[in-house]
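Below: the structure, in structure tokens.
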Amino acid sequence: DTEVTQTPKHLVMGMTNKKSLKCEQHMGHRAMYWYKQKAKKPPELMFVYSYEKLSINESVPSRFSPECPNSSLLNLHLHALQPEDSALYLCASSQEGHNEQFFGPGTRLTVL
Amino acid sequence: GEDVEQSLFLSVREGDSSVINCTYTDSSSTYLYWYKQEPGAGLQLLTYIFSNMDMKQDQRLTVLLNKKDKHLSLRIADTQTGDSAIYFCAEQDSSYKLIFGSGTRLLVRP
């Protein structure tokens, strides 16, 4: 298995909802990442997990809460989001922090 | 801080070669990457080059690295319509973060 999977593919939520994005990889990678990508822009790093521990938080608002239940799974819990949080959320993984990152297909999030 | 720059748009005719250029600022970068993104999709890793290399070839793709000028290029030989996409170069900084360029939109005309 050489891919990163993300669910759901699309998500529409209101500002008072709580939802979660999920990411999974079975490549034995020990680093996992969340990125946010707005239209016509490059991805921006949000969080990095290394060996299931949060190693980088790029000053992301607390309405985004990451979780790494095990080495194959990465979640992003969403609560009280704003319309400007609408974006493509990309998950990536790498063998270690300094290796090439492989990206999932993303979750397109729309906040109403 | 680190900065990665790319030209925004490139248009080529099918069958021609495409050259996408990128400049970066972090001289301590150890790896430099090229990713491809098709509309509505995630990023596909195309190739990467280690900073102690000048060139890397992988089928239709050739990466050239000029470390002195901090210039990276991606050449796509025999460009096809399926190559139309946005291409991002990225450098990896000392904390292993990827710093992406703004992306170059490649349009391949039949």
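Labeling convention for the structure tokens: chains A, B, ... as they appear, residues from 1 per chain, ligands from 1 in order of appearance.
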
Closest contacts (chain B/chain A, max 6 Å, only C-alpha atoms) as JSON lines:
```
{"residue": "B:Ala41", "atom": "CA", "partner": "A:Pro105", "partner_atom": "CA", "distance": 5.3}
{"residue": "B:Gly42", "atom": "CA", "partner": "A:Pro105", "partner_atom": "CA", "distance": 4.0}
{"residue": "B:Leu43", "atom": "CA", "partner": "A:Phe103", "partner_atom": "CA", "distance": 5.7}
{"residue": "B:Tyr96", "atom": "CA", "partner": "A:His98", "partner_atom": "CA", "distance": 5.2}
{"residue": "B:Ser102", "atom": "CA", "partner": "A:Pro42", "partner_atom": "CA", "distance": 5.5}
```

Create the file for the chosen residues now, containing all heavy atoms and written as an mmCIF file, in the first residue's frame.
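Listing of result.cif after writing:
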```
data_model
loop_
_atom_site.group_PDB
_atom_site.id
_atom_site.type_symbol
_atom_site.label_atom_id
_atom_site.label_comp_id
_atom_site.auth_asym_id
_atom_site.auth_seq_id
_atom_site.Cartn_x
_atom_site.Cartn_y
_atom_site.Cartn_z
ATOM 1 N N ALA B 41 -7.260 17.993 -6.972
ATOM 2 C CA ALA B 41 -6.544 16.820 -6.466
ATOM 3 C C ALA B 41 -5.472 17.217 -5.461
ATOM 4 O O ALA B 41 -5.182 18.396 -5.269
ATOM 5 C CB ALA B 41 -5.913 16.062 -7.628
ATOM 6 N N GLY B 42 -4.882 16.204 -4.831
ATOM 7 C CA GLY B 42 -3.763 16.432 -3.932
ATOM 8 C C GLY B 42 -2.478 16.636 -4.712
ATOM 9 O O GLY B 42 -2.487 16.747 -5.942
ATOM 10 N N LEU B 43 -1.366 16.686 -3.992
ATOM 11 C CA LEU B 43 -0.071 16.895 -4.636
ATOM 12 C C LEU B 43 0.585 15.549 -4.917
ATOM 13 O O LEU B 43 0.652 14.681 -4.048
ATOM 14 C CB LEU B 43 0.853 17.725 -3.732
ATOM 15 C CG LEU B 43 0.739 19.233 -3.851
ATOM 16 C CD1 LEU B 43 -0.580 19.731 -3.324
ATOM 17 C CD2 LEU B 43 1.894 19.906 -3.123
ATOM 18 N N TYR B 96 12.828 20.463 8.694
ATOM 19 C CA TYR B 96 12.162 19.491 7.826
ATOM 20 C C TYR B 96 10.830 19.982 7.281
ATOM 21 O O TYR B 96 10.099 19.223 6.659
ATOM 22 C CB TYR B 96 11.980 18.131 8.514
ATOM 23 C CG TYR B 96 13.265 17.583 9.082
ATOM 24 C CD1 TYR B 96 13.318 17.049 10.358
ATOM 25 C CD2 TYR B 96 14.435 17.632 8.354
ATOM 26 C CE1 TYR B 96 14.491 16.562 10.879
ATOM 27 C CE2 TYR B 96 15.625 17.149 8.871
ATOM 28 C CZ TYR B 96 15.654 16.619 10.133
ATOM 29 O OH TYR B 96 16.813 16.141 10.653
ATOM 30 N N SER B 102 4.994 29.482 -5.250
ATOM 31 C CA SER B 102 3.605 29.851 -5.520
ATOM 32 C C SER B 102 2.953 28.961 -6.575
ATOM 33 O O SER B 102 1.745 28.999 -6.748
ATOM 34 C CB SER B 102 3.528 31.303 -5.957
ATOM 35 O OG SER B 102 4.412 31.520 -7.032
#
```

Hey, what's within 7 Å of region 5-10 of chain B if we count only C-alpha atoms and toss same-chain stuff fewer than 5 positions away? As a VMD selection string, please?
chain B and resid 21 to 24 101 to 107

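Nearest residue to Thr7 (chain A), choosing from A:His77, A:Lys36, A:Arg63, A:Lys22 and counting only C-alpha atoms: A:Lys22.
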
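Pairwise distance (CA of Asn70 (chain A), CA of Gln6 (chain A)) equals 15.5 Å.
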
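Of note, CA of Asp26 (chain B) and CA of Lys67 (chain B) are spaced 10.2 Å apart.
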
When DSSP works through the backbone of this structure, what residues of region 22-54 of chain A end up as strand (DSSP E or B), shown as a VMD selection string?
chain A and resid 22 to 25 31 to 37 44 to 50 53 to 54

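We find CA of Ser28 (chain B) and CA of Tyr35 (chain A) to be spaced 23.1 Å apart.
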
Need the shell around region 60-65 of chain B: protein/DNA/RNA residues with any atom at most 8 Å away, counting only C-alpha atoms. Skip same-chain ones fewer than 3 positions apart. Format as a ChimeraX atom specification?
/B:48-49,51,53-57,70-78

For the selection just defined, write its residues with N, CA, C and O atoms to a file, as a compact mmCIF listing (two decimals), in the first residue's frame.
```
# COMPACT_ATOMS: atom_id res chain seq x y z
N TYR B 48 12.71 14.53 -6.77
CA TYR B 48 13.42 15.40 -5.85
C TYR B 48 14.91 15.28 -6.14
O TYR B 48 15.35 14.35 -6.83
N ILE B 49 15.67 16.24 -5.63
CA ILE B 49 17.11 16.23 -5.84
C ILE B 49 17.79 16.56 -4.52
O ILE B 49 17.33 17.42 -3.76
N SER B 51 20.85 18.09 -2.40
CA SER B 51 21.56 19.35 -2.66
C SER B 51 23.00 19.16 -3.12
O SER B 51 23.62 20.11 -3.60
N MET B 53 23.79 17.23 -5.56
CA MET B 53 23.71 16.80 -6.96
C MET B 53 23.49 18.03 -7.85
O MET B 53 22.93 19.04 -7.41
N ASP B 54 23.91 17.91 -9.12
CA ASP B 54 23.66 18.97 -10.10
C ASP B 54 22.48 18.64 -10.99
O ASP B 54 21.82 19.54 -11.51
N MET B 55 22.27 17.35 -11.21
CA MET B 55 21.26 16.95 -12.16
C MET B 55 20.69 15.60 -11.76
O MET B 55 21.39 14.75 -11.20
N LYS B 56 19.41 15.44 -12.06
CA LYS B 56 18.79 14.14 -11.88
C LYS B 56 17.81 13.92 -13.02
O LYS B 56 17.03 14.82 -13.35
N GLN B 57 17.88 12.73 -13.63
CA GLN B 57 16.97 12.44 -14.75
C GLN B 57 16.10 11.24 -14.38
O GLN B 57 16.58 10.26 -13.80
N LYS B 70 21.21 29.29 -6.39
CA LYS B 70 19.97 28.84 -5.74
C LYS B 70 18.84 28.78 -6.77
O LYS B 70 17.74 29.31 -6.57
N HIS B 71 19.12 28.09 -7.86
CA HIS B 71 18.17 27.99 -8.96
C HIS B 71 17.92 26.52 -9.26
O HIS B 71 18.85 25.72 -9.40
N LEU B 72 16.65 26.19 -9.35
CA LEU B 72 16.20 24.82 -9.63
C LEU B 72 15.31 24.85 -10.85
O LEU B 72 14.51 25.79 -11.01
N SER B 73 15.45 23.87 -11.73
CA SER B 73 14.54 23.81 -12.87
C SER B 73 14.06 22.39 -13.10
O SER B 73 14.72 21.42 -12.73
N LEU B 74 12.88 22.30 -13.70
CA LEU B 74 12.29 21.02 -14.07
C LEU B 74 12.02 21.06 -15.57
O LEU B 74 11.30 21.94 -16.04
N ARG B 75 12.65 20.14 -16.30
CA ARG B 75 12.39 20.04 -17.73
C ARG B 75 11.54 18.80 -17.98
O ARG B 75 11.86 17.71 -17.52
N ILE B 76 10.45 19.00 -18.72
CA ILE B 76 9.58 17.89 -19.12
C ILE B 76 9.75 17.73 -20.62
O ILE B 76 9.42 18.64 -21.40
N ALA B 77 10.29 16.58 -21.03
CA ALA B 77 10.47 16.33 -22.46
C ALA B 77 9.17 15.82 -23.07
O ALA B 77 8.36 15.18 -22.39
N ASP B 78 8.96 16.14 -24.38
CA ASP B 78 7.80 15.63 -25.11
C ASP B 78 6.51 15.86 -24.28
O ASP B 78 5.77 14.93 -23.95
```

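Excluding Met15 (chain A) and any residue on its chain fewer than 5 positions from it, the residues at most 7 Å away by only C-alpha atoms are Ala80, Leu81, Gln82, Val111 and Leu112 of chain A.
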